[in-house]
Amino acid sequence: MSDDLLTTLESALALGDTMIIVRSGAAIAEVAAGPLRRGKEWLTLGDEGAGASHVHVKISDVRGLRYGEQAGRNAALDVLGADGTVIVSLSFRGTNPAQTERFAPDRLAAVRASLGHLAEVPA
């Protein structure tokens, strides 16, 4: 994993009000985002400690990042595996224009300014 990719993930998490989303065939887990910590084999996304929620991502499986804005969803930064599959997503709350009661145009603009240039960043 490159230092640029790690820096980008840290910057994305620093935007605040972000959810970490892990999807499988039959389940979706949503965890409030927090700091990023890099260990020897794993990244830890979120707060550790008693009662805290976090997600571990195997560093050797991370191959890149992709930013996107899909209709009807919040803007997201996907962490990609070797075959381009999404390992985990960071979802930026308040960036879905379809949710008029929660939509924050200034937040979407800030997220775009920070991450919008990332079609994909290789690991």
# chains A, B, ... in the order shown; residues from 1 in each chain; ligands from 1
>>> residues_around(residues="region 91-95 of chain A", least_positions_apart="6", cutoff="6 Å", atoms="only C-alpha atoms", output="PyMOL selection string")
chain A and resi 17-19+74-76+102-104+108
>>> residues_around(residues="region 9-14 of chain A", least_positions_apart="3", cutoff="8 Å", atoms="only C-alpha atoms", output="JSON, numbers by chain")
{"A": [5, 6, 18, 33, 34, 35, 36, 77, 90, 114, 115]}
>>> closest_residue(among="A:Asp3, A:Arg107, A:Leu80, A:Val55", to="Ala29 (chain A)", atoms="only C-alpha atoms")
A:Val55
>>> closest_residue(among="A:Ile28, A:Val62, A:Val22, A:Ala52", to="Ala82 (chain A)", atoms="only C-alpha atoms")
A:Val62
>>> residues_around(residues="Arg37 (chain A)", least_positions_apart="5", cutoff="10 Å", atoms="only C-alpha atoms", output="PDB file with N, CA and C atoms, in the first residue's frame")
ATOM      1  N   LEU A   6      -2.583   5.816   1.808  1.00  0.00           N
ATOM      2  CA  LEU A   6      -2.795   5.934   3.253  1.00  0.00           C
ATOM      3  C   LEU A   6      -3.145   7.374   3.643  1.00  0.00           C
ATOM      4  N   GLU A  10      -6.634   8.783   5.375  1.00  0.00           N
ATOM      5  CA  GLU A  10      -6.619   9.620   6.587  1.00  0.00           C
ATOM      6  C   GLU A  10      -7.359  10.931   6.356  1.00  0.00           C
ATOM      7  N   TRP A  42      -2.567  -5.044   9.210  1.00  0.00           N
ATOM      8  CA  TRP A  42      -3.939  -4.559   9.133  1.00  0.00           C
ATOM      9  C   TRP A  42      -4.026  -3.051   9.336  1.00  0.00           C
ATOM     10  N   LEU A  43      -4.984  -2.449   8.635  1.00  0.00           N
ATOM     11  CA  LEU A  43      -5.406  -1.084   8.922  1.00  0.00           C
ATOM     12  C   LEU A  43      -6.582  -1.183   9.880  1.00  0.00           C
ATOM     13  N   THR A  44      -6.650  -0.294  10.828  1.00  0.00           N
ATOM     14  CA  THR A  44      -7.813  -0.208  11.702  1.00  0.00           C
ATOM     15  C   THR A  44      -8.492   1.121  11.408  1.00  0.00           C
ATOM     16  N   LEU A  45      -9.761   1.040  11.002  1.00  0.00           N
ATOM     17  CA  LEU A  45     -10.574   2.220  10.719  1.00  0.00           C
ATOM     18  C   LEU A  45     -11.590   2.349  11.840  1.00  0.00           C
ATOM     19  N   GLY A  46     -11.531   3.425  12.578  1.00  0.00           N
ATOM     20  CA  GLY A  46     -12.472   3.648  13.661  1.00  0.00           C
ATOM     21  C   GLY A  46     -11.787   3.583  15.010  1.00  0.00           C
ATOM     22  N   ASP A  47     -12.593   3.782  16.033  1.00  0.00           N
ATOM     23  CA  ASP A  47     -12.083   3.823  17.400  1.00  0.00           C
ATOM     24  C   ASP A  47     -11.950   2.417  17.963  1.00  0.00           C
ATOM     25  N   GLU A  48     -10.853   2.173  18.664  1.00  0.00           N
ATOM     26  CA  GLU A  48     -10.647   0.913  19.364  1.00  0.00           C
ATOM     27  C   GLU A  48     -10.882   1.148  20.848  1.00  0.00           C
ATOM     28  N   HIS A  56     -11.236  -3.776  10.579  1.00  0.00           N
ATOM     29  CA  HIS A  56      -9.867  -4.104  10.198  1.00  0.00           C
ATOM     30  C   HIS A  56      -9.850  -4.442   8.717  1.00  0.00           C
TER      31      HIS A  56
END
>>> atom_distance(atom1="CA of Ile87 (chain A)", atom2="CA of Gly25 (chain A)")
12.5 Å
>>> select_by_dssp(residues="region 7-123 of chain A", states="alpha helix (DSSP H)", output="PyMOL selection string")
chain A and resi 7-14+105-115
>>> closest_residue(among="A:Gly72, A:Gly64, A:Gly116, A:Gly81", to="Asn96 (chain A)", atoms="only C-alpha atoms")
A:Gly72
>>> atom_distance(atom1="CA of Arg73 (chain A)", atom2="CA of Thr100 (chain A)")
12.0 Å
>>> select_by_dssp(residues="chain A", states="strand (DSSP E or B)", output="MDAnalysis selection string")
chainID A and resid 18:23 28:32 36:38 42:46 54:58 64:68 76:80 86:92 121:122
>>> write_last_selection(atoms="N, CA and C atoms", output="compact mmCIF listing (two decimals), in the first residue's frame")
# COMPACT_ATOMS: atom_id res chain seq x y z
N THR A 18 -18.79 10.52 8.84
CA THR A 18 -18.55 9.50 7.82
C THR A 18 -18.85 8.13 8.40
N MET A 19 -19.42 7.27 7.58
CA MET A 19 -19.69 5.89 7.97
C MET A 19 -18.77 4.96 7.20
N ILE A 20 -18.32 3.90 7.88
CA ILE A 20 -17.56 2.83 7.23
C ILE A 20 -18.58 1.74 6.93
N ILE A 21 -18.65 1.32 5.68
CA ILE A 21 -19.65 0.34 5.26
C ILE A 21 -18.95 -0.89 4.70
N VAL A 22 -19.32 -2.05 5.24
CA VAL A 22 -18.82 -3.33 4.76
C VAL A 22 -20.02 -4.13 4.29
N ARG A 23 -19.97 -4.60 3.04
CA ARG A 23 -21.09 -5.36 2.47
C ARG A 23 -20.64 -6.80 2.19
N ILE A 28 -25.01 -6.09 5.68
CA ILE A 28 -24.31 -4.81 5.56
C ILE A 28 -24.02 -4.33 6.97
N ALA A 29 -22.77 -3.97 7.23
CA ALA A 29 -22.41 -3.39 8.52
C ALA A 29 -22.05 -1.93 8.30
N GLU A 30 -22.59 -1.06 9.14
CA GLU A 30 -22.28 0.37 9.10
C GLU A 30 -21.72 0.77 10.46
N VAL A 31 -20.51 1.33 10.43
CA VAL A 31 -19.79 1.69 11.65
C VAL A 31 -19.40 3.16 11.54
N ALA A 32 -19.59 3.91 12.62
CA ALA A 32 -19.16 5.30 12.63
C ALA A 32 -17.65 5.36 12.44
N LEU A 36 -7.60 6.44 11.69
CA LEU A 36 -6.97 5.32 10.99
C LEU A 36 -5.66 5.00 11.69
N ARG A 37 -5.44 3.70 11.89
CA ARG A 37 -4.17 3.25 12.46
C ARG A 37 -3.62 2.14 11.58
N ARG A 38 -2.32 2.21 11.27
CA ARG A 38 -1.69 1.18 10.44
C ARG A 38 -0.84 0.28 11.31
N TRP A 42 -2.57 -5.04 9.21
CA TRP A 42 -3.94 -4.56 9.13
C TRP A 42 -4.03 -3.05 9.34
N LEU A 43 -4.98 -2.45 8.63
CA LEU A 43 -5.41 -1.08 8.92
C LEU A 43 -6.58 -1.18 9.88
N THR A 44 -6.65 -0.29 10.83
CA THR A 44 -7.81 -0.21 11.70
C THR A 44 -8.49 1.12 11.41
N LEU A 45 -9.76 1.04 11.00
CA LEU A 45 -10.57 2.22 10.72
C LEU A 45 -11.59 2.35 11.84
N GLY A 46 -11.53 3.43 12.58
CA GLY A 46 -12.47 3.65 13.66
C GLY A 46 -11.79 3.58 15.01
N HIS A 54 -15.01 -0.66 15.17
CA HIS A 54 -13.98 -0.39 14.19
C HIS A 54 -13.96 -1.53 13.18
N VAL A 55 -13.23 -1.31 12.09
CA VAL A 55 -13.11 -2.30 11.02
C VAL A 55 -11.63 -2.51 10.75
N HIS A 56 -11.24 -3.78 10.58
CA HIS A 56 -9.87 -4.10 10.20
C HIS A 56 -9.85 -4.44 8.72
N VAL A 57 -8.86 -3.91 8.00
CA VAL A 57 -8.68 -4.17 6.57
C VAL A 57 -7.27 -4.69 6.37
N LYS A 58 -7.14 -5.84 5.71
CA LYS A 58 -5.83 -6.43 5.45
C LYS A 58 -5.08 -5.59 4.43
N GLY A 64 -6.31 -0.04 -4.31
CA GLY A 64 -6.58 1.30 -4.80
C GLY A 64 -7.80 1.91 -4.15
N LEU A 65 -8.13 3.13 -4.58
CA LEU A 65 -9.28 3.88 -4.09
C LEU A 65 -10.08 4.39 -5.28
N ARG A 66 -11.38 4.55 -5.07
CA ARG A 66 -12.24 5.12 -6.12
C ARG A 66 -13.31 5.97 -5.45
N TYR A 67 -13.40 7.22 -5.85
CA TYR A 67 -14.43 8.13 -5.36
C TYR A 67 -15.62 8.09 -6.31
N GLY A 68 -16.82 8.17 -5.76
CA GLY A 68 -17.99 8.20 -6.62
C GLY A 68 -19.18 8.86 -5.97
N ALA A 76 -19.11 8.56 -1.84
CA ALA A 76 -18.38 7.50 -1.15
C ALA A 76 -16.97 7.35 -1.72
N LEU A 77 -16.09 6.89 -0.87
CA LEU A 77 -14.74 6.52 -1.27
C LEU A 77 -14.62 5.02 -1.04
N ASP A 78 -14.42 4.26 -2.12
CA ASP A 78 -14.30 2.81 -2.04
C ASP A 78 -12.85 2.41 -1.93
N VAL A 79 -12.57 1.47 -1.03
CA VAL A 79 -11.26 0.83 -0.92
C VAL A 79 -11.36 -0.44 -1.75
N LEU A 80 -10.48 -0.56 -2.73
CA LEU A 80 -10.58 -1.63 -3.72
C LEU A 80 -9.57 -2.75 -3.50
N VAL A 86 -14.99 -3.99 -4.16
CA VAL A 86 -14.97 -3.07 -3.02
C VAL A 86 -14.78 -3.87 -1.74
N ILE A 87 -13.72 -3.54 -0.99
CA ILE A 87 -13.47 -4.17 0.30
C ILE A 87 -14.31 -3.49 1.36
N VAL A 88 -14.28 -2.17 1.36
CA VAL A 88 -15.00 -1.35 2.33
C VAL A 88 -15.22 0.02 1.69
N SER A 89 -16.28 0.71 2.12
CA SER A 89 -16.57 2.06 1.61
C SER A 89 -16.64 3.05 2.76
N LEU A 90 -16.22 4.27 2.48
CA LEU A 90 -16.45 5.38 3.39
C LEU A 90 -17.58 6.20 2.78
N SER A 91 -18.66 6.34 3.51
CA SER A 91 -19.82 7.07 3.02
C SER A 91 -19.92 8.40 3.77
N PHE A 92 -20.00 9.49 3.02
CA PHE A 92 -19.99 10.84 3.58
C PHE A 92 -21.42 11.33 3.76
N VAL A 121 -6.87 5.55 -7.29
CA VAL A 121 -5.49 5.76 -6.86
C VAL A 121 -4.88 4.39 -6.63
N PRO A 122 -3.87 4.00 -7.41
CA PRO A 122 -3.27 2.68 -7.19
C PRO A 122 -2.55 2.58 -5.85
>>> atom_distance(atom1="CA of Lys40 (chain A)", atom2="CA of Thr7 (chain A)")
16.6 Å
